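Okay, entry18.txt is below, compact mmCIF, C-alpha atoms:
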```txt
# COMPACT_ATOMS: atom_id res chain seq x y z
CA MET A 17 76.92 -3.64 103.20
CA LEU A 18 76.29 0.06 103.79
CA THR A 19 79.01 2.48 102.79
CA ARG A 20 80.06 5.33 105.01
CA THR A 21 78.05 7.70 102.82
CA ASN A 22 74.87 5.60 103.10
CA LYS A 23 75.29 5.28 106.86
CA GLY A 24 75.36 9.04 107.26
CA ARG A 25 72.44 9.73 104.94
CA PRO A 26 69.65 9.21 107.55
CA PHE A 27 71.34 11.75 109.83
CA LEU A 28 71.53 14.17 106.91
CA TYR A 29 67.80 13.74 106.23
CA VAL A 30 66.90 14.21 109.91
CA GLY A 31 69.10 17.28 110.16
CA THR A 32 67.55 18.74 107.00
CA ILE A 33 64.02 18.16 108.32
CA ILE A 34 64.86 19.76 111.67
CA LEU A 35 66.45 22.75 109.94
CA GLY A 36 63.44 23.10 107.65
CA LEU A 37 61.06 23.08 110.62
CA LEU A 38 63.14 25.73 112.38
CA PHE A 39 62.90 27.99 109.32
CA ALA A 40 59.16 27.29 108.91
CA LEU A 41 58.28 27.77 112.58
CA PRO A 42 58.08 31.62 112.53
CA PHE A 43 55.71 31.60 109.55
CA LEU A 44 53.60 28.82 111.06
CA TYR A 45 53.35 30.91 114.21
CA THR A 46 52.30 33.89 112.11
CA ILE A 47 49.54 31.92 110.38
CA TYR A 48 48.34 30.45 113.66
CA THR A 49 48.25 33.83 115.42
CA SER A 50 46.38 35.43 112.51
CA VAL A 51 43.40 33.07 112.95
CA ILE A 52 42.92 33.23 116.72
CA PRO A 53 41.22 35.85 118.93
CA MET A 54 43.38 38.25 120.90
CA ARG A 55 42.67 36.45 124.19
CA HIS A 56 44.38 33.29 122.92
CA VAL A 57 47.65 34.92 121.82
CA ASN A 58 50.74 32.97 122.96
CA THR A 59 48.61 30.00 123.96
CA LEU A 60 47.62 26.81 122.16
CA THR A 61 43.94 26.65 121.39
CA SER A 62 41.77 24.17 119.53
CA PRO A 63 40.70 24.70 115.92
CA ALA A 64 37.20 25.37 117.24
CA ASN A 65 38.45 28.80 118.33
CA TRP A 66 40.11 29.63 115.03
CA THR A 67 38.50 32.36 113.00
CA PHE A 68 39.07 34.43 109.84
CA GLU A 69 37.56 37.48 111.50
CA ASN A 70 40.93 39.28 111.47
CA PHE A 71 41.15 38.96 107.68
CA LYS A 72 37.50 40.00 107.33
CA ILE A 73 38.14 43.18 109.31
CA PHE A 74 41.13 43.99 107.14
CA PHE A 75 39.14 43.68 103.93
CA THR A 76 35.94 45.38 105.11
CA ASN A 77 37.14 48.20 107.36
CA ASP A 78 36.03 51.58 105.98
CA ALA A 79 39.07 53.36 107.39
CA TYR A 80 41.32 51.94 104.67
CA ASN A 81 41.01 50.07 101.39
CA VAL A 82 42.91 46.80 101.54
CA PRO A 83 41.21 45.34 98.41
CA ARG A 84 42.42 48.36 96.41
CA TRP A 85 45.94 48.02 97.85
CA PHE A 86 45.92 44.32 97.05
CA MET A 87 44.82 44.97 93.47
CA ASN A 88 47.47 47.70 93.07
CA THR A 89 50.09 45.20 94.17
CA VAL A 90 48.81 42.55 91.76
CA ILE A 91 48.87 45.01 88.84
CA MET A 92 52.30 46.40 89.68
CA THR A 93 53.84 42.96 90.21
CA GLY A 94 52.21 41.45 87.13
CA VAL A 95 53.36 44.23 84.81
CA VAL A 96 56.91 44.20 86.19
CA VAL A 97 57.24 40.42 85.91
CA ILE A 98 55.85 40.35 82.36
CA GLY A 99 58.14 43.21 81.35
CA ASN A 100 61.15 41.40 82.76
CA LEU A 101 60.14 38.25 80.90
CA ILE A 102 60.27 40.18 77.62
CA ILE A 103 63.06 42.76 77.94
CA ASN A 104 65.68 40.87 79.97
CA PRO A 105 65.80 37.77 77.71
CA MET A 106 66.10 39.93 74.60
CA ALA A 107 68.96 41.91 76.12
CA GLY A 108 70.67 38.76 77.42
CA PHE A 109 70.38 37.09 74.02
CA ALA A 110 71.84 40.13 72.25
CA LEU A 111 74.82 40.22 74.61
CA ALA A 112 75.37 36.46 74.28
CA LYS A 113 74.84 35.73 70.58
CA LEU A 114 74.81 38.90 68.51
CA ASN A 115 77.83 40.85 67.30
CA PHE A 116 77.55 44.64 67.29
CA LYS A 117 79.69 47.65 68.06
CA GLY A 118 79.97 48.49 71.74
CA LYS A 119 78.76 45.07 72.89
CA GLY A 120 81.57 44.66 75.42
CA LEU A 121 81.03 48.14 76.86
CA ILE A 122 77.29 47.57 77.24
CA TYR A 123 77.95 44.26 78.98
CA TRP A 124 80.24 45.86 81.55
CA ILE A 125 77.74 48.67 82.11
CA VAL A 126 75.11 46.02 82.90
CA VAL A 127 77.54 44.33 85.31
CA ALA A 128 78.35 47.69 86.92
CA THR A 129 74.66 48.37 87.61
CA MET A 130 74.57 45.21 89.73
CA MET A 131 77.15 46.75 92.07
CA VAL A 132 75.22 49.98 92.75
CA PRO A 133 72.69 49.87 95.63
CA TYR A 134 69.30 51.01 94.41
CA HIS A 135 69.07 53.53 97.24
CA MET A 136 71.82 55.53 95.51
CA ILE A 137 69.78 56.04 92.33
CA LEU A 138 66.36 56.42 93.92
CA ILE A 139 66.51 60.23 93.89
CA PRO A 140 67.36 60.45 90.14
CA VAL A 141 64.57 57.94 89.45
CA TYR A 142 62.15 60.05 91.49
CA VAL A 143 63.17 63.22 89.63
CA ASN A 144 62.71 61.55 86.23
CA VAL A 145 59.35 60.07 87.20
CA ALA A 146 58.19 63.44 88.51
CA GLN A 147 59.27 65.22 85.32
CA LEU A 148 57.28 62.71 83.28
CA GLY A 149 54.23 63.30 85.46
CA TRP A 150 54.18 59.67 86.58
CA LEU A 151 54.05 60.17 90.34
CA ASN A 152 51.10 58.31 91.91
CA THR A 153 50.51 56.34 88.70
CA PHE A 154 51.13 52.76 87.61
CA TRP A 155 53.52 54.13 84.98
CA GLY A 156 55.87 55.30 87.70
CA LEU A 157 55.53 52.09 89.68
CA THR A 158 56.28 49.80 86.74
CA VAL A 159 58.14 51.33 83.77
CA PRO A 160 61.49 52.00 85.57
CA PHE A 161 61.57 48.38 86.73
CA LEU A 162 60.75 46.48 83.54
CA TYR A 163 64.36 45.31 83.33
CA GLN A 164 67.05 44.40 85.85
CA GLY A 165 70.80 44.16 85.28
CA LEU A 166 71.06 41.03 87.41
CA TYR A 167 68.51 39.15 85.31
CA ILE A 168 70.09 40.30 82.04
CA PHE A 169 73.41 38.95 83.27
CA MET A 170 71.85 35.71 84.46
CA LEU A 171 70.10 35.07 81.15
CA ARG A 172 73.19 36.02 79.16
CA GLN A 173 75.10 33.31 81.01
CA PHE A 174 72.46 30.77 80.00
CA PHE A 175 72.25 31.86 76.36
CA ILE A 176 76.02 31.51 76.01
CA SER A 177 75.57 27.79 76.64
CA VAL A 178 73.09 27.42 73.76
CA PRO A 179 74.93 25.87 70.77
CA ASN A 180 75.31 28.20 67.81
CA GLU A 181 74.27 25.28 65.60
CA PHE A 182 70.68 25.78 66.80
CA LEU A 183 70.69 29.33 65.47
CA GLU A 184 72.35 28.33 62.21
CA ALA A 185 69.77 25.59 61.66
CA ALA A 186 66.98 28.06 62.36
CA ARG A 187 68.41 30.54 59.86
CA MET A 188 68.65 27.79 57.23
CA ASP A 189 64.95 27.10 57.83
CA GLY A 190 64.20 30.72 56.99
CA LEU A 191 63.83 32.20 60.47
CA THR A 192 65.14 35.67 61.24
CA LYS A 193 67.29 36.29 64.31
CA MET A 194 64.21 37.40 66.24
CA GLY A 195 62.28 34.40 64.99
CA ALA A 196 65.06 32.05 66.06
CA PHE A 197 65.14 33.72 69.46
CA TRP A 198 61.42 33.49 70.19
CA ARG A 199 60.80 30.05 68.65
CA ILE A 200 64.04 28.21 69.47
CA VAL A 201 66.14 29.90 72.15
CA TYR A 202 63.47 31.44 74.41
CA PRO A 203 61.72 28.11 75.15
CA LEU A 204 65.08 26.56 76.06
CA ALA A 205 65.48 29.13 78.84
CA ARG A 206 62.28 28.07 80.63
CA SER A 207 63.97 27.19 83.93
CA SER A 208 66.02 30.39 83.97
CA LEU A 209 62.95 32.45 83.11
CA ILE A 210 60.97 30.89 85.95
CA THR A 211 63.85 31.57 88.34
CA MET A 212 63.89 35.19 87.22
CA SER A 213 60.09 35.39 87.57
CA ILE A 214 60.21 34.15 91.17
CA LEU A 215 62.93 36.63 92.11
CA ALA A 216 61.15 39.50 90.33
CA PHE A 217 57.80 38.54 91.87
CA ALA A 218 59.21 38.39 95.40
CA GLY A 219 61.20 41.61 95.03
CA THR A 220 58.28 43.56 93.57
CA TRP A 221 55.49 42.19 95.76
CA ASN A 222 57.37 42.96 98.97
CA SER A 223 58.86 46.26 97.78
CA TYR A 224 58.33 49.11 100.21
CA LEU A 225 60.91 51.86 99.63
CA VAL A 226 60.21 52.49 95.94
CA PRO A 227 56.36 52.38 96.03
CA SER A 228 56.27 54.54 99.16
CA THR A 229 58.48 57.10 97.40
CA LEU A 230 56.77 57.17 94.01
CA ALA A 231 53.16 56.82 95.22
CA ASN A 232 52.13 58.74 98.33
CA THR A 233 48.34 58.81 98.00
CA PRO A 234 46.23 56.11 99.71
CA GLU A 235 44.52 55.24 96.41
CA MET A 236 47.88 54.20 94.91
CA TYR A 237 49.33 52.42 97.95
CA VAL A 238 50.51 48.87 97.39
CA LEU A 239 49.79 46.28 100.06
CA VAL A 240 53.04 46.56 102.03
CA VAL A 241 52.89 50.37 102.11
CA GLY A 242 49.20 50.39 103.00
CA LEU A 243 49.57 47.88 105.81
CA ASN A 244 52.49 49.85 107.21
CA SER A 245 50.35 53.00 107.20
CA VAL A 246 47.72 51.41 109.45
CA LYS A 247 49.95 49.33 111.71
CA ASP A 248 49.69 51.85 114.55
CA MET A 249 45.93 51.30 114.61
CA PHE A 250 46.48 47.64 115.52
CA PHE A 251 49.80 47.94 117.35
CA GLU A 252 48.45 46.11 120.39
CA ASN A 253 46.32 43.68 118.38
CA THR A 254 48.82 40.95 117.52
CA PRO A 255 46.41 38.70 115.55
CA MET A 256 45.44 41.64 113.32
CA ILE A 257 49.09 42.48 112.64
CA MET A 258 49.82 38.83 111.83
CA ALA A 259 46.87 38.75 109.43
CA GLY A 260 48.48 41.60 107.53
CA VAL A 261 51.81 39.76 107.46
CA VAL A 262 50.14 36.65 106.04
CA LEU A 263 48.43 38.72 103.34
CA SER A 264 51.76 40.16 102.24
CA THR A 265 53.86 36.96 102.34
CA LEU A 266 51.58 34.05 101.47
CA PRO A 267 51.39 34.82 97.69
CA ILE A 268 55.19 34.71 97.44
CA ILE A 269 55.39 31.36 99.23
CA LEU A 270 52.67 29.87 97.03
CA PHE A 271 54.36 31.18 93.88
CA PHE A 272 57.67 29.66 94.95
CA PHE A 273 56.20 26.25 95.78
CA LEU A 274 54.47 26.10 92.42
CA PHE A 275 57.75 26.57 90.56
CA GLN A 276 60.41 25.40 93.02
CA ARG A 277 61.74 22.61 90.78
CA GLN A 278 62.24 24.96 87.84
CA TYR A 279 63.75 27.53 90.22
CA ILE A 280 66.47 25.10 91.30
CA GLU A 281 67.15 24.14 87.69
CA GLY A 282 67.39 27.78 86.71
CA ILE A 283 69.90 28.54 89.45
CA SER A 284 72.01 25.60 88.25
CA ASN A 285 71.86 26.79 84.63
CA ALA A 286 72.89 30.33 85.54
CA GLY A 287 76.47 29.43 86.39
CA VAL A 288 79.15 31.71 85.06
CA LYS A 289 80.23 30.74 81.56
CA GLY A 290 82.43 32.34 78.98
```
Written as structure tokens, that's how I'd like the structure from this file.
Amino acid sequence: MLTRTNKGRPFLYVGTIILGLLFALPFLYTIYTSVIPMRHVNTLTSPANWTFENFKIFFTNDAYNVPRWFMNTVIMTGVVVIGNLIINPMAGFALAKLNFKGKGLIYWIVVATMMVPYHMILIPVYVNVAQLGWLNTFWGLTVPFLYQGLYIFMLRQFFISVPNEFLEAARMDGLTKMGAFWRIVYPLARSSLITMSILAFAGTWNSYLVPSTLANTPEMYVLVVGLNSVKDMFFENTPMIMAGVVLSTLPIILFFFLFQRQYIEGISNAGVKG
């Protein structure tokens, strides 16, 4: 005999599927429009009329350099994600497991940074980057963003849940604190690290305000900034605009789908503890 919960489960599944389709519909429309000629916009046409000509024009047009912008974005995003995978876990581990003077103050400073909108500190960041001579360089686009207060906090919450017995056993085996961190604790945080990587990847890949402020030469444009600079050229060409949107969003979606299970686990493990 079906319980009340089991009876309602099919409706829950149907509702979830419908809601998922509603969320996916705009992106499906974007993909569809990006592969059709202008004359078929807002109409349904057979796959025989689909074409990748819009993407080809984007990558081969001499008026701008999309391959360079794409590579700039890959480099910037890769360096920022790797930096966050190294610095944030070390800081989170120190705040969770090590005892040192000023630990509590540093922790609350990290928490306070999460409450300040980045727009408020963009001017000081710009001034510092300019003084270092890092404007229009990868140094300026990456170094200030190799750590994030939110991710330090998130990883600290996970490391608090790691039993101290693991660290004591590692020390008895002759490992240093850093050795215990990299060989024992760091692998345990895999789900949280993947969650952080997805968030850092999405935030960096789609970043517009910071790259447009710190890099204002076409050679150093990232993809989002570059596509925005040429949008007026294709303002009335909807398929071309949609091709640019696909180029800027598809990598994030693919990255998320590759690691969605670990992402959900990481969110669950990042609950507030201690």
* Asked: Between A:Pro255, A:Gly94, A:Gly165, A:Gly149, which has the minimum distance to Val127 of chain A (counting all atoms listed in the file)?
  ->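 Among A:Pro255, A:Gly94, A:Gly165, A:Gly149, it is A:Gly165 that comes nearest to Val127 of chain A.
Among the candidate residues A:Phe43, A:Phe182, A:Phe175, A:Phe271, the one lying nearest to Arg199 of chain A is A:Phe182, with distances computed using only C-alpha atoms.
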* To do: Would you work out the distance separating atom CA of Ile168 of chain A from atom CA of Ser208 of chain A, expressed in Å to one decimal?
  => 10.9 Å
* Asked: Neighbours of Tyr45 of chain A within 12 Å (all atoms listed in the file; same-chain residues fewer than 4 positions away dropped), as a ChimeraX atom specification?
  -> /A:37-41,49-52,57-60,254-255,258-259,261-262
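Proximity ranking of A:Trp124, A:Phe275, A:Tyr167, A:Trp198 relative to Ala186 of chain A places A:Trp198 first, based on all atoms listed in the file.
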* Could you pull the residues within 8 Å of segment 220-234 of chain A, counting only C-alpha atoms, minus those fewer than 5 positions along the same chain, as a list in words? -> Thr89, Val90, Met92, Thr93, Val96, Leu138, Tyr142, Val145, Leu151, Asn152, Thr153, Gly156, Leu157, Val240, Val241, Gly242, Ser264, Thr265 and Ile268 of chain A
* Rounded to one decimal place, report the atom CA of Leu44 of chain A-atom CA of Leu28 of chain A distance in Å. => 23.5 Å
* 12 Å contact set for Leu111 of chain A, all atoms listed in the file, chain neighbours under 3 positions out, as JSON, numbers by chain -> {"A": [104, 105, 106, 107, 108, 114, 115, 116, 117, 118, 119, 120, 121, 122, 123, 124, 125, 126, 127, 168, 169, 170, 171, 172, 173, 174, 175, 176, 290]}
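Going from atom CA of Met188 of chain A to atom CA of Lys113 of chain A covers 16.7 Å.
Among the candidate residues A:Leu148, A:Leu239, A:Ile47, A:Leu191, the one lying nearest to Thr67 of chain A is A:Ile47, with distances computed using only C-alpha atoms.
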* Structure fact -> Counting all atoms listed in the file, closest pick from A:Ile91, A:Val178, A:Ala196, A:Ala64 relative to Val238 of chain A is A:Ile91
* Using all atoms listed in the file, which residue out of A:Ala112, A:Leu162, A:Met236, A:Ala218 lies closest to Ser177 of chain A? ->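 Selected residue with least distance to Ser177 of chain A: A:Ala112.
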* Asked: Which residues come within 9 Å of segment 53-56 of chain A, counting only C-alpha atoms, excluding same-chain residues fewer than 5 positions away, as a list in words?
  ->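 That gives Thr61, Asn65, Trp66, Thr67, Glu69, Asn70, Asn253, Thr254, Pro255 and Met256 of chain A.
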